[in-house]
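Text of coords30.pdb, listed as PDB, C-alpha atoms and all ligand atoms:
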```pdb
MODEL        1
ATOM      1  CA  MET A 252       0.000   0.000   0.000  1.00  0.00           C
ATOM      2  CA  SER A 253       1.320   3.455  -0.864  1.00  0.00           C
ATOM      3  CA  ALA A 254       1.657   6.077   1.842  1.00  0.00           C
ATOM      4  CA  VAL A 255      -1.112   8.137   0.254  1.00  0.00           C
ATOM      5  CA  ARG A 256      -3.488   5.185   0.247  1.00  0.00           C
ATOM      6  CA  VAL A 257      -2.716   4.343   3.895  1.00  0.00           C
ATOM      7  CA  THR A 258      -3.430   7.950   4.843  1.00  0.00           C
ATOM      8  CA  THR A 259      -6.744   7.888   2.985  1.00  0.00           C
ATOM      9  CA  VAL A 260      -7.782   4.672   4.677  1.00  0.00           C
ATOM     10  CA  LEU A 261      -6.847   6.045   8.097  1.00  0.00           C
ATOM     11  CA  ALA A 262      -8.744   9.282   7.450  1.00  0.00           C
ATOM     12  CA  ALA A 263     -11.831   7.329   6.371  1.00  0.00           C
ATOM     13  CA  ALA A 264     -11.561   5.186   9.509  1.00  0.00           C
ATOM     14  CA  ALA A 265     -11.329   8.309  11.673  1.00  0.00           C
ATOM     15  CA  VAL A 266     -14.450   9.800  10.068  1.00  0.00           C
ATOM     16  CA  LEU A 267     -16.350   6.565  10.567  1.00  0.00           C
ATOM     17  CA  ALA A 268     -15.195   6.320  14.181  1.00  0.00           C
ATOM     18  CA  ALA A 269     -16.290   9.908  14.847  1.00  0.00           C
ATOM     19  CA  ALA A 270     -19.668   9.286  13.216  1.00  0.00           C
ATOM     20  CA  GLY A 271     -20.102   6.119  15.249  1.00  0.00           C
ATOM     21  CA  PHE A 272     -19.218   7.953  18.408  1.00  0.00           C
ATOM     22  CA  ALA A 273     -21.756  10.728  17.747  1.00  0.00           C
ATOM     23  CA  TRP A 274     -24.400   8.136  16.944  1.00  0.00           C
ATOM     24  CA  ARG A 275     -23.765   6.230  20.165  1.00  0.00           C
ATOM     25  CA  ALA A 276     -23.815   9.467  22.178  1.00  0.00           C
ATOM     26  CA  ASN A 277     -27.224  10.330  20.730  1.00  0.00           C
ATOM     27  CA  GLU A 278     -28.459   6.867  21.535  1.00  0.00           C
ATOM     28  CA  LYS A 279     -27.284   7.306  25.089  1.00  0.00           C
ATOM     29  CA  SER A 280     -29.130  10.582  25.674  1.00  0.00           C
ATOM     30  CA  SER A 281     -32.354   9.465  24.021  1.00  0.00           C
ATOM     31  CA  ALA A 282     -32.199   6.505  26.366  1.00  0.00           C
ATOM     32  CA  ALA A 283     -33.206   8.427  29.473  1.00  0.00           C
ATOM     33  CA  THR A 284     -34.926   5.683  31.423  1.00  0.00           C
ATOM     34  CA  SER A 285     -38.527   6.004  32.539  1.00  0.00           C
ATOM     35  CA  ALA A 286     -37.314   5.807  36.148  1.00  0.00           C
ATOM     36  CA  GLN A 287     -34.999   8.758  35.511  1.00  0.00           C
ATOM     37  CA  LEU A 288     -37.796  10.787  33.896  1.00  0.00           C
ATOM     38  CA  ALA A 289     -40.156   9.994  36.779  1.00  0.00           C
ATOM     39  CA  ARG A 290     -37.509  11.082  39.270  1.00  0.00           C
ATOM     40  CA  GLY A 291     -36.899  14.274  37.269  1.00  0.00           C
ATOM     41  CA  ALA A 292     -40.613  15.123  37.228  1.00  0.00           C
ATOM     42  CA  ALA A 293     -40.868  14.527  40.983  1.00  0.00           C
ATOM     43  CA  VAL A 294     -37.850  16.710  41.803  1.00  0.00           C
ATOM     44  CA  TYR A 295     -39.148  19.431  39.466  1.00  0.00           C
ATOM     45  CA  ALA A 296     -42.575  19.434  41.138  1.00  0.00           C
ATOM     46  CA  ALA A 297     -41.031  19.571  44.620  1.00  0.00           C
ATOM     47  CA  ALA A 298     -38.211  22.060  44.050  1.00  0.00           C
ATOM     48  CA  CYS A 299     -38.625  24.013  40.816  1.00  0.00           C
ATOM     49  CA  ALA A 300     -42.302  24.412  39.915  1.00  0.00           C
ATOM     50  CA  SER A 301     -42.923  27.099  42.558  1.00  0.00           C
ATOM     51  CA  CYS A 302     -40.853  29.536  40.484  1.00  0.00           C
ATOM     52  CA  HIS A 303     -40.582  28.013  36.995  1.00  0.00           C
ATOM     53  CA  GLY A 304     -44.266  26.999  36.882  1.00  0.00           C
ATOM     54  CA  THR A 305     -46.100  23.691  36.972  1.00  0.00           C
ATOM     55  CA  ASN A 306     -46.204  23.710  33.175  1.00  0.00           C
ATOM     56  CA  LEU A 307     -42.669  25.126  32.781  1.00  0.00           C
ATOM     57  CA  GLU A 308     -44.217  28.504  31.930  1.00  0.00           C
ATOM     58  CA  GLY A 309     -41.915  30.622  34.113  1.00  0.00           C
ATOM     59  CA  GLN A 310     -42.872  33.839  35.892  1.00  0.00           C
ATOM     60  CA  PRO A 311     -44.718  36.725  34.214  1.00  0.00           C
ATOM     61  CA  HIS A 312     -42.560  39.358  32.444  1.00  0.00           C
ATOM     62  CA  TRP A 313     -39.532  37.138  32.867  1.00  0.00           C
ATOM     63  CA  ARG A 314     -37.471  39.099  30.362  1.00  0.00           C
ATOM     64  CA  SER A 315     -37.295  42.233  32.549  1.00  0.00           C
ATOM     65  CA  PRO A 316     -35.933  42.611  36.078  1.00  0.00           C
ATOM     66  CA  GLY A 317     -38.575  42.790  38.804  1.00  0.00           C
ATOM     67  CA  PRO A 318     -38.890  45.402  41.593  1.00  0.00           C
ATOM     68  CA  ASP A 319     -35.918  43.793  43.370  1.00  0.00           C
ATOM     69  CA  GLY A 320     -33.757  44.411  40.301  1.00  0.00           C
ATOM     70  CA  ARG A 321     -33.423  40.677  39.655  1.00  0.00           C
ATOM     71  CA  LEU A 322     -34.630  38.641  36.725  1.00  0.00           C
ATOM     72  CA  PRO A 323     -37.756  36.519  37.285  1.00  0.00           C
ATOM     73  CA  ALA A 324     -37.649  32.765  36.637  1.00  0.00           C
ATOM     74  CA  PRO A 325     -37.717  32.066  32.885  1.00  0.00           C
ATOM     75  CA  PRO A 326     -39.863  29.325  31.363  1.00  0.00           C
ATOM     76  CA  HIS A 327     -38.170  25.972  30.817  1.00  0.00           C
ATOM     77  CA  ASP A 328     -40.348  25.123  27.825  1.00  0.00           C
ATOM     78  CA  GLU A 329     -39.577  26.064  24.224  1.00  0.00           C
ATOM     79  CA  THR A 330     -40.668  29.705  24.781  1.00  0.00           C
ATOM     80  CA  GLY A 331     -37.705  30.272  27.133  1.00  0.00           C
ATOM     81  CA  HIS A 332     -33.984  29.976  26.525  1.00  0.00           C
ATOM     82  CA  THR A 333     -33.009  26.981  28.632  1.00  0.00           C
ATOM     83  CA  TRP A 334     -32.622  24.958  25.440  1.00  0.00           C
ATOM     84  CA  HIS A 335     -30.006  27.465  24.167  1.00  0.00           C
ATOM     85  CA  HIS A 336     -27.532  26.218  26.764  1.00  0.00           C
ATOM     86  CA  SER A 337     -25.329  23.156  27.098  1.00  0.00           C
ATOM     87  CA  ASP A 338     -25.976  20.431  29.655  1.00  0.00           C
ATOM     88  CA  GLN A 339     -22.805  21.437  31.423  1.00  0.00           C
ATOM     89  CA  LEU A 340     -23.909  25.051  31.938  1.00  0.00           C
ATOM     90  CA  LEU A 341     -27.463  24.073  32.934  1.00  0.00           C
ATOM     91  CA  LEU A 342     -26.244  21.525  35.487  1.00  0.00           C
ATOM     92  CA  ASP A 343     -23.797  24.076  36.861  1.00  0.00           C
ATOM     93  CA  ILE A 344     -26.615  26.630  37.312  1.00  0.00           C
ATOM     94  CA  MET A 345     -28.860  23.999  38.921  1.00  0.00           C
ATOM     95  CA  THR A 346     -26.090  22.907  41.270  1.00  0.00           C
ATOM     96  CA  ARG A 347     -24.513  26.208  42.307  1.00  0.00           C
ATOM     97  CA  GLY A 348     -27.156  28.812  41.423  1.00  0.00           C
ATOM     98  CA  THR A 349     -26.952  31.611  38.863  1.00  0.00           C
ATOM     99  CA  ALA A 350     -25.095  34.163  41.011  1.00  0.00           C
ATOM    100  CA  ALA A 351     -22.221  31.740  41.669  1.00  0.00           C
ATOM    101  CA  VAL A 352     -22.035  30.741  38.009  1.00  0.00           C
ATOM    102  CA  ILE A 353     -22.009  34.330  36.709  1.00  0.00           C
ATOM    103  CA  GLY A 354     -19.813  35.615  39.521  1.00  0.00           C
ATOM    104  CA  GLY A 355     -18.888  39.181  40.377  1.00  0.00           C
ATOM    105  CA  SER A 356     -21.666  41.121  42.079  1.00  0.00           C
ATOM    106  CA  TYR A 357     -24.446  39.499  40.016  1.00  0.00           C
ATOM    107  CA  ALA A 358     -27.475  38.890  42.226  1.00  0.00           C
ATOM    108  CA  SER A 359     -30.038  36.248  41.363  1.00  0.00           C
ATOM    109  CA  ASN A 360     -33.113  34.550  42.777  1.00  0.00           C
ATOM    110  CA  MET A 361     -32.052  31.194  41.320  1.00  0.00           C
ATOM    111  CA  PRO A 362     -30.546  29.265  44.251  1.00  0.00           C
ATOM    112  CA  GLY A 363     -28.235  26.276  43.902  1.00  0.00           C
ATOM    113  CA  PHE A 364     -29.705  22.821  44.534  1.00  0.00           C
ATOM    114  CA  GLY A 365     -26.478  20.813  44.825  1.00  0.00           C
ATOM    115  CA  ASP A 366     -27.542  20.472  48.426  1.00  0.00           C
ATOM    116  CA  PRO A 367     -29.934  18.668  49.083  1.00  0.00           C
ATOM    117  CA  TYR A 368     -30.111  17.106  45.616  1.00  0.00           C
ATOM    118  CA  SER A 369     -27.587  14.743  44.086  1.00  0.00           C
ATOM    119  CA  GLU A 370     -25.997  15.142  40.680  1.00  0.00           C
ATOM    120  CA  ALA A 371     -28.180  12.240  39.484  1.00  0.00           C
ATOM    121  CA  ASP A 372     -31.330  14.042  40.690  1.00  0.00           C
ATOM    122  CA  LEU A 373     -30.432  17.245  38.840  1.00  0.00           C
ATOM    123  CA  ARG A 374     -29.465  15.293  35.726  1.00  0.00           C
ATOM    124  CA  ALA A 375     -32.878  13.610  35.957  1.00  0.00           C
ATOM    125  CA  VAL A 376     -34.608  17.024  36.049  1.00  0.00           C
ATOM    126  CA  LEU A 377     -32.606  18.100  33.003  1.00  0.00           C
ATOM    127  CA  GLU A 378     -33.516  14.932  31.089  1.00  0.00           C
ATOM    128  CA  TRP A 379     -37.153  15.411  32.034  1.00  0.00           C
ATOM    129  CA  LEU A 380     -37.094  19.039  30.798  1.00  0.00           C
ATOM    130  CA  LYS A 381     -35.520  17.879  27.518  1.00  0.00           C
ATOM    131  CA  SER A 382     -38.179  15.225  27.127  1.00  0.00           C
ATOM    132  CA  ARG A 383     -40.769  18.025  27.074  1.00  0.00           C
ATOM    133  CA  TRP A 384     -39.069  20.025  24.298  1.00  0.00           C
ATOM    134  CA  PRO A 385     -40.126  19.712  20.675  1.00  0.00           C
ATOM    135  CA  GLU A 386     -37.576  18.124  18.327  1.00  0.00           C
ATOM    136  CA  ARG A 387     -36.348  21.503  16.976  1.00  0.00           C
ATOM    137  CA  GLU A 388     -35.292  22.709  20.446  1.00  0.00           C
ATOM    138  CA  ARG A 389     -33.864  19.296  21.342  1.00  0.00           C
ATOM    139  CA  SER A 390     -31.646  19.222  18.292  1.00  0.00           C
ATOM    140  CA  TYR A 391     -30.550  22.846  18.833  1.00  0.00           C
ATOM    141  CA  GLN A 392     -29.553  21.951  22.373  1.00  0.00           C
ATOM    142  CA  ARG A 393     -27.758  18.811  21.167  1.00  0.00           C
ATOM    143  CA  GLU A 394     -25.637  21.133  19.008  1.00  0.00           C
ATOM    144  CA  ALA A 395     -24.952  23.328  22.064  1.00  0.00           C
ATOM    145  CA  ASN A 396     -23.539  20.178  23.637  1.00  0.00           C
ATOM    146  CA  GLY A 397     -21.209  19.701  20.705  1.00  0.00           C
ATOM    147  CA  GLY A 398     -23.463  16.926  19.431  1.00  0.00           C
ATOM    148  CA  ASP A 399     -22.713  14.689  22.375  1.00  0.00           C
ATOM    149  CA  SER A 400     -26.000  14.525  24.189  1.00  0.00           C
TER     150      SER A 400
HETATM  151  C1  LIG T   1     -37.002  30.658  44.220  1.00  0.00           C
HETATM  152  C2  LIG T   1     -37.321  30.587  42.811  1.00  0.00           C
HETATM  153  C3  LIG T   1     -36.646  29.499  41.989  1.00  0.00           C
HETATM  154  C4  LIG T   1     -36.660  28.132  42.213  1.00  0.00           C
HETATM  155  C5  LIG T   1     -37.321  27.383  43.357  1.00  0.00           C
HETATM  156  C6  LIG T   1     -35.915  27.551  41.101  1.00  0.00           C
HETATM  157  N1  LIG T   1     -35.485  28.516  40.247  1.00  0.00           N
HETATM  158 FE1  LIG T   1     -34.380  28.245  38.561  1.00  0.00          FE
HETATM  159  N2  LIG T   1     -34.339  30.240  38.239  1.00  0.00           N
HETATM  160  C7  LIG T   1     -34.948  31.189  39.038  1.00  0.00           C
HETATM  161  C8  LIG T   1     -34.656  32.501  38.537  1.00  0.00           C
HETATM  162  C9  LIG T   1     -35.140  33.804  39.153  1.00  0.00           C
HETATM  163  C10 LIG T   1     -33.846  32.325  37.395  1.00  0.00           C
HETATM  164  C11 LIG T   1     -33.235  33.430  36.522  1.00  0.00           C
HETATM  165  C12 LIG T   1     -31.953  33.828  37.240  1.00  0.00           C
HETATM  166  C13 LIG T   1     -31.146  34.882  36.582  1.00  0.00           C
HETATM  167  O1  LIG T   1     -31.040  34.907  35.343  1.00  0.00           O
HETATM  168  O2  LIG T   1     -30.576  35.689  37.341  1.00  0.00           O
HETATM  169  C14 LIG T   1     -33.675  30.887  37.235  1.00  0.00           C
HETATM  170  C15 LIG T   1     -32.926  30.306  36.239  1.00  0.00           C
HETATM  171  C16 LIG T   1     -32.745  28.946  36.087  1.00  0.00           C
HETATM  172  C17 LIG T   1     -31.972  28.326  35.029  1.00  0.00           C
HETATM  173  C18 LIG T   1     -31.277  29.039  33.885  1.00  0.00           C
HETATM  174  C19 LIG T   1     -32.345  29.024  32.824  1.00  0.00           C
HETATM  175  C20 LIG T   1     -32.033  29.570  31.504  1.00  0.00           C
HETATM  176  O3  LIG T   1     -32.959  29.503  30.696  1.00  0.00           O
HETATM  177  O4  LIG T   1     -30.944  30.074  31.266  1.00  0.00           O
HETATM  178  C21 LIG T   1     -32.074  26.990  35.202  1.00  0.00           C
HETATM  179  C22 LIG T   1     -31.483  25.898  34.336  1.00  0.00           C
HETATM  180  C23 LIG T   1     -32.892  26.764  36.369  1.00  0.00           C
HETATM  181  N3  LIG T   1     -33.277  27.974  36.872  1.00  0.00           N
HETATM  182  C24 LIG T   1     -33.245  25.525  36.830  1.00  0.00           C
HETATM  183  C25 LIG T   1     -33.965  25.302  38.011  1.00  0.00           C
HETATM  184  C26 LIG T   1     -34.244  23.998  38.534  1.00  0.00           C
HETATM  185  C27 LIG T   1     -33.864  22.685  37.868  1.00  0.00           C
HETATM  186  C28 LIG T   1     -34.909  24.173  39.697  1.00  0.00           C
HETATM  187  C29 LIG T   1     -35.359  23.120  40.673  1.00  0.00           C
HETATM  188  C30 LIG T   1     -34.358  22.147  41.092  1.00  0.00           C
HETATM  189  C31 LIG T   1     -35.064  25.613  39.873  1.00  0.00           C
HETATM  190  N4  LIG T   1     -34.483  26.256  38.831  1.00  0.00           N
HETATM  191  C32 LIG T   1     -35.729  26.198  40.947  1.00  0.00           C
HETATM  192  C33 LIG T   1     -35.699  30.949  40.171  1.00  0.00           C
HETATM  193  C34 LIG T   1     -35.913  29.720  40.747  1.00  0.00           C
ENDMDL
END
```
Please rewrite the model in this file as structure tokens.
Amino acid sequence: MSAVRVTTVLAAAAVLAAAGFAWRANEKSSAATSAQLARGAAVYAAACASCHGTNLEGQPHWRSPGPDGRLPAPPHDETGHTWHHSDQLLLDIMTRGTAAVIGGSYASNMPGFGDPYSEADLRAVLEWLKSRWPERERSYQREANGGDS
């Protein structure tokens, strides 16, 4: 085999491996188990719905700061912007709260839930939220994850 041909074969193998990897990653995320989704729905109802709404609708006038100068809770459905962000950023916000994630003197009414909830609990909420998004928002968010979720 010539050097050029070996290189071509290796490049083709790399492309196939990358495609296979992306395919498996998609499989993995679409395989949120029903137990995980049930857990996510339960945690959402107990800890998130009071601000983000039972139907993920968020608080009224969520785009403008309220009287306390802080942003209201945005919707988590397709009318909000949760689906614009990567899993990593969303889990960080859920765990540490928005003020800690943004830093500086930013003040926010979104607390962190790393205590009392486990990483698996918060991941379950995220998977449950995703399961409620239409395909367009899901695929946009998959891109925000670099195609790996
Ligand atoms: C006390 C009210 C309150 C509760 C309870 C609450 N949130 Fe929030 N959340 C907010 C507010 C307010 C914001 C907007 C914060 C900001 O931008 O400063 C927010 C923002 C977020 C964001 C960023 C959304 C985006 O579109 O960028 C995520 C993700 C989030 N919340 C998830 C959760 C989850 C999951 C729970 C339950 C475990 C939860 N929140 C419970 C008030 C709340």
Please extract the residues at most 9 Å from ligand LIG 1 (chain T), counting all atoms listed in the file, and provide them as a VMD selection string, using the chain letters and residue numbers of this document. chain A and resid 291 294 to 303 309 to 310 313 316 321 to 327 331 to 336 340 to 346 348 to 350 353 357 to 365 368 372 to 374 376 to 377 380
Taking the file above as input, evaluate the PyMOL selection byres (((chain A and resi 381-393) around 7) and not hetatm) and report the hits as a ChimeraX atom specification. /A:328-329,334-337,377-380,394-400
Could you state the separation of atom CA of A:Thr330 and atom CA of A:Asp366 in Å, given to one decimal place?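 Between atom CA of A:Thr330 and atom CA of A:Asp366 the gap works out to 28.6 Å.
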How many Å separate atom CA of A:Asn306 from atom CA of A:Ala351?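 Straight-line distance from atom CA of A:Asn306 to atom CA of A:Ala351 works out to 26.7 Å.
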One-decimal distance in Å that lies between atom CA of A:Ala289 and atom CA of A:Thr305: 14.9 Å
